[in-house]
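Below: the structure, in structure tokens.
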Amino acid sequence: MDPAATSKIEVALTYAGFHALLFHRLAHWLLQRRIPFIPRAMSQVARFLTGIEIHPGADIGSGLFIDHGMGVVIGETSEIGDNVTLFQGVTLGGTGKQRGKRHPTIGSHVVVGAGAKVLGPITVGDYVKIGANSVVLQDVPDHSTVVGIPGRIVRIKDERVAEDALMDHIHIVVPLVRTQEELSDHLPSRFAHVFDQSDDRMPPQAGDHQAETVAGHFKPQ
């Protein structure tokens with residue numbers, strides 16, 4: 001899936017995300033069998049070696065790809081579907097100090113851009129794209145795009161996100177930016193039109209005549 005990968009051996013030996021997932025699979029297996037301390041210790045060793053922190057309690061599906069990975073945090077009650085991509089600096093975090101479900105549930109075929117934060121026991125649907133550095137605090141429906149702080153949903157209704165576009169977490173349209181660009185294109189011509197009409201309708205002022213008279217005294221003969 002990563003265009004930079006040249007072979008399976010390279011991925012197995014050099015990809016920190018792959019190493020972190022190996023540690024997590026074993027730690028999660030041990031935790032499910034109620035073995036104390038060791039699963040948590042393994043997650044800390046993996047964090048030290050890879051820069052990726054995955055709590056042993058997190059439930060992760062198949063095909064998770066953590067690109068670069070440094071600074072990724074996946075909380076204890078997080079749930080991740082299949083074929084999800086997380087870029088560096090992503091946090092799947094909790095809010096508050098309550099026990100129980102406090103981390104997000106991520107659907108399948110989701111891309112979470114670099115530095116994005118998905119916080120609280122919310123649900124992110126399938127085929128969702130979360131823009132870089134977004135902060136998501138509310139549920140996100142399927143086939144949607146989220147951008148901004150706090151995250152704003154751009155729904156792509158009845159349209160499945162193309163597979164080729166799933167890796168692209170940069171070229172995302174922000175509605176507010178598009179509106180500002182459209183206004184910037186139209187405002188100069190509108191203002192010019194208003195000023196032209198104002199000049200035609202305004203009668204000459206007494207001050208204008210006096211200024212012309214004064215200027216005539218200084219005009220070279």
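Starting from 1 in every chain, residues are counted up; chains themselves are A, B, ... following the order of the structure tokens, and ligands are numbered from 1 as listed.
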Can you tell me which residues surround Gly51 in chain A at a distance of at most 10 Å, considering only C-alpha atoms, apart from same-chain residues fewer than 5 positions away, and format the answer as JSON, numbers by chain? {"A": [16, 17, 20, 44, 45, 46, 68, 69, 70, 71, 72, 73, 88, 89]}
Near-Arg40 in chain A list (9 Å; only C-alpha atoms; drop same-chain fewer than 2 positions) as a PyMOL selection string: chain A and resi 27+31+36-38+42-45+55-56
Write the residues of the selection above to a file with N, CA and C atoms, as a CSV table (one decimal), in the first residue's frame.
```
chain,number,residue,atom,x,y,z
A,27,ALA,N,0.7,-8.4,22.8
A,27,ALA,CA,0.2,-7.8,24.1
A,27,ALA,C,-1.3,-7.9,24.3
A,31,LEU,N,-3.4,-9.8,27.2
A,31,LEU,CA,-4.4,-9.1,28.0
A,31,LEU,C,-5.7,-9.8,28.0
A,36,PRO,N,-1.4,-10.2,33.9
A,36,PRO,CA,-1.1,-8.8,34.4
A,36,PRO,C,0.3,-8.3,33.9
A,37,PHE,N,0.4,-7.0,34.0
A,37,PHE,CA,1.6,-6.3,33.8
A,37,PHE,C,2.4,-6.4,32.5
A,38,ILE,N,2.6,-7.7,32.0
A,38,ILE,CA,3.4,-7.9,30.8
A,38,ILE,C,2.8,-7.2,29.6
A,42,MET,N,5.0,-4.4,27.5
A,42,MET,CA,5.3,-4.6,26.1
A,42,MET,C,4.9,-3.4,25.3
A,43,SER,N,3.8,-2.8,25.6
A,43,SER,CA,3.4,-1.6,24.9
A,43,SER,C,4.4,-0.4,25.1
A,44,GLN,N,5.0,-0.4,26.3
A,44,GLN,CA,5.9,0.7,26.6
A,44,GLN,C,7.3,0.4,25.9
A,45,VAL,N,7.6,-0.8,25.8
A,45,VAL,CA,8.9,-1.2,25.1
A,45,VAL,C,8.7,-0.8,23.6
A,55,HIS,N,-2.2,1.1,23.3
A,55,HIS,CA,-2.6,0.4,24.5
A,55,HIS,C,-3.0,-1.0,24.2
A,56,PRO,N,-2.6,-2.0,25.0
A,56,PRO,CA,-2.9,-3.4,24.8
A,56,PRO,C,-4.4,-3.7,24.6
```
By how many Å are CA of Asn133 in chain A and CA of Ala58 in chain A apart?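 That distance, rounded to one decimal, is 22.3 Å.
Put simply, CA of Val90 in chain A is 15.0 Å away from CA of Val128 in chain A.
Reported to one decimal place, the separation of CA of Ile52 in chain A from CA of Gly75 in chain A is 11.3 Å.
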Non-local contacts of Val135 in chain A (8 Å; only C-alpha atoms; under 2 positions in same chain excluded) as a list in words: Ala116, Lys117, Val118, Leu119, Asn133, Leu137, Val147, Gly148, Ile149, Pro150 and Gly151 of chain A
Deliver the residues from the most recent selection as a file, using all heavy atoms, as a short mmCIF file (atom, residue, chain, number, x, y, z; two decimals), in the first residue's frame.
```cif
data_model
loop_
_atom_site.label_atom_id
_atom_site.label_comp_id
_atom_site.auth_asym_id
_atom_site.auth_seq_id
_atom_site.Cartn_x
_atom_site.Cartn_y
_atom_site.Cartn_z
N ALA A 116 -3.81 14.69 13.19
CA ALA A 116 -5.23 14.77 13.53
C ALA A 116 -5.50 14.15 14.91
O ALA A 116 -4.83 13.20 15.32
CB ALA A 116 -6.07 14.07 12.47
N LYS A 117 -6.50 14.69 15.60
CA LYS A 117 -6.90 14.20 16.91
C LYS A 117 -8.37 13.79 16.85
O LYS A 117 -9.23 14.60 16.50
CB LYS A 117 -6.72 15.26 18.00
CG LYS A 117 -5.40 16.04 17.91
CD LYS A 117 -4.18 15.16 18.05
CE LYS A 117 -2.91 15.96 17.89
NZ LYS A 117 -1.69 15.12 17.82
N VAL A 118 -8.64 12.55 17.18
CA VAL A 118 -10.01 12.05 17.25
C VAL A 118 -10.25 11.70 18.71
O VAL A 118 -9.63 10.77 19.24
CB VAL A 118 -10.21 10.82 16.34
CG1 VAL A 118 -11.67 10.41 16.31
CG2 VAL A 118 -9.72 11.12 14.92
N LEU A 119 -11.15 12.44 19.36
CA LEU A 119 -11.24 12.39 20.82
C LEU A 119 -12.63 12.00 21.29
O LEU A 119 -13.64 12.46 20.76
CB LEU A 119 -10.87 13.75 21.42
CG LEU A 119 -9.51 14.33 21.00
CD1 LEU A 119 -9.33 15.72 21.58
CD2 LEU A 119 -8.38 13.41 21.41
N ASN A 133 -4.23 17.58 10.97
CA ASN A 133 -4.36 18.51 12.10
C ASN A 133 -5.80 18.83 12.47
O ASN A 133 -6.04 19.75 13.25
CB ASN A 133 -3.59 19.80 11.83
CG ASN A 133 -2.10 19.60 11.84
OD1 ASN A 133 -1.57 18.88 12.69
ND2 ASN A 133 -1.40 20.21 10.90
N LEU A 137 -14.52 15.78 17.23
CA LEU A 137 -15.17 15.62 18.54
C LEU A 137 -16.57 15.05 18.43
O LEU A 137 -17.20 14.79 19.45
CB LEU A 137 -15.24 16.98 19.26
CG LEU A 137 -13.90 17.70 19.46
CD1 LEU A 137 -14.14 19.10 20.01
CD2 LEU A 137 -13.00 16.91 20.39
N VAL A 147 -12.61 18.26 8.21
CA VAL A 147 -11.46 19.18 8.22
C VAL A 147 -11.68 20.23 9.30
O VAL A 147 -12.81 20.52 9.69
CB VAL A 147 -11.28 19.89 6.86
CG1 VAL A 147 -10.92 18.92 5.76
CG2 VAL A 147 -12.54 20.67 6.48
N GLY A 148 -10.57 20.80 9.80
CA GLY A 148 -10.65 21.97 10.67
C GLY A 148 -10.63 21.66 12.15
O GLY A 148 -10.59 20.52 12.60
N ILE A 149 -10.63 22.76 12.93
CA ILE A 149 -10.64 22.72 14.39
C ILE A 149 -11.76 23.63 14.88
O ILE A 149 -11.68 24.84 14.70
CB ILE A 149 -9.30 23.19 14.99
CG1 ILE A 149 -8.14 22.35 14.43
CG2 ILE A 149 -9.33 23.14 16.50
CD1 ILE A 149 -6.78 22.83 14.88
N PRO A 150 -12.81 23.09 15.49
CA PRO A 150 -13.12 21.66 15.57
C PRO A 150 -13.52 21.13 14.19
O PRO A 150 -13.82 21.90 13.28
CB PRO A 150 -14.30 21.62 16.54
CG PRO A 150 -14.97 22.95 16.38
CD PRO A 150 -13.86 23.93 16.11
N GLY A 151 -13.49 19.82 14.05
CA GLY A 151 -13.73 19.20 12.76
C GLY A 151 -15.10 19.53 12.18
O GLY A 151 -16.11 19.50 12.89
#
```
Residue nearest Leu21 in chain A - candidates A:Val111, A:Ile80, A:Ile106, A:Ile66, atoms counted: only C-alpha atoms: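 When distances to Leu21 in chain A are compared using only C-alpha atoms, the smallest one comes from A:Ile66.
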Just the residues within 6 Å of Asp142 in chain A, please, counting only C-alpha atoms, with nothing from its chain fewer than 6 positions along; format it as a list in words.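 Selected residues are Gly125, Asp126 and Tyr127 of chain A.
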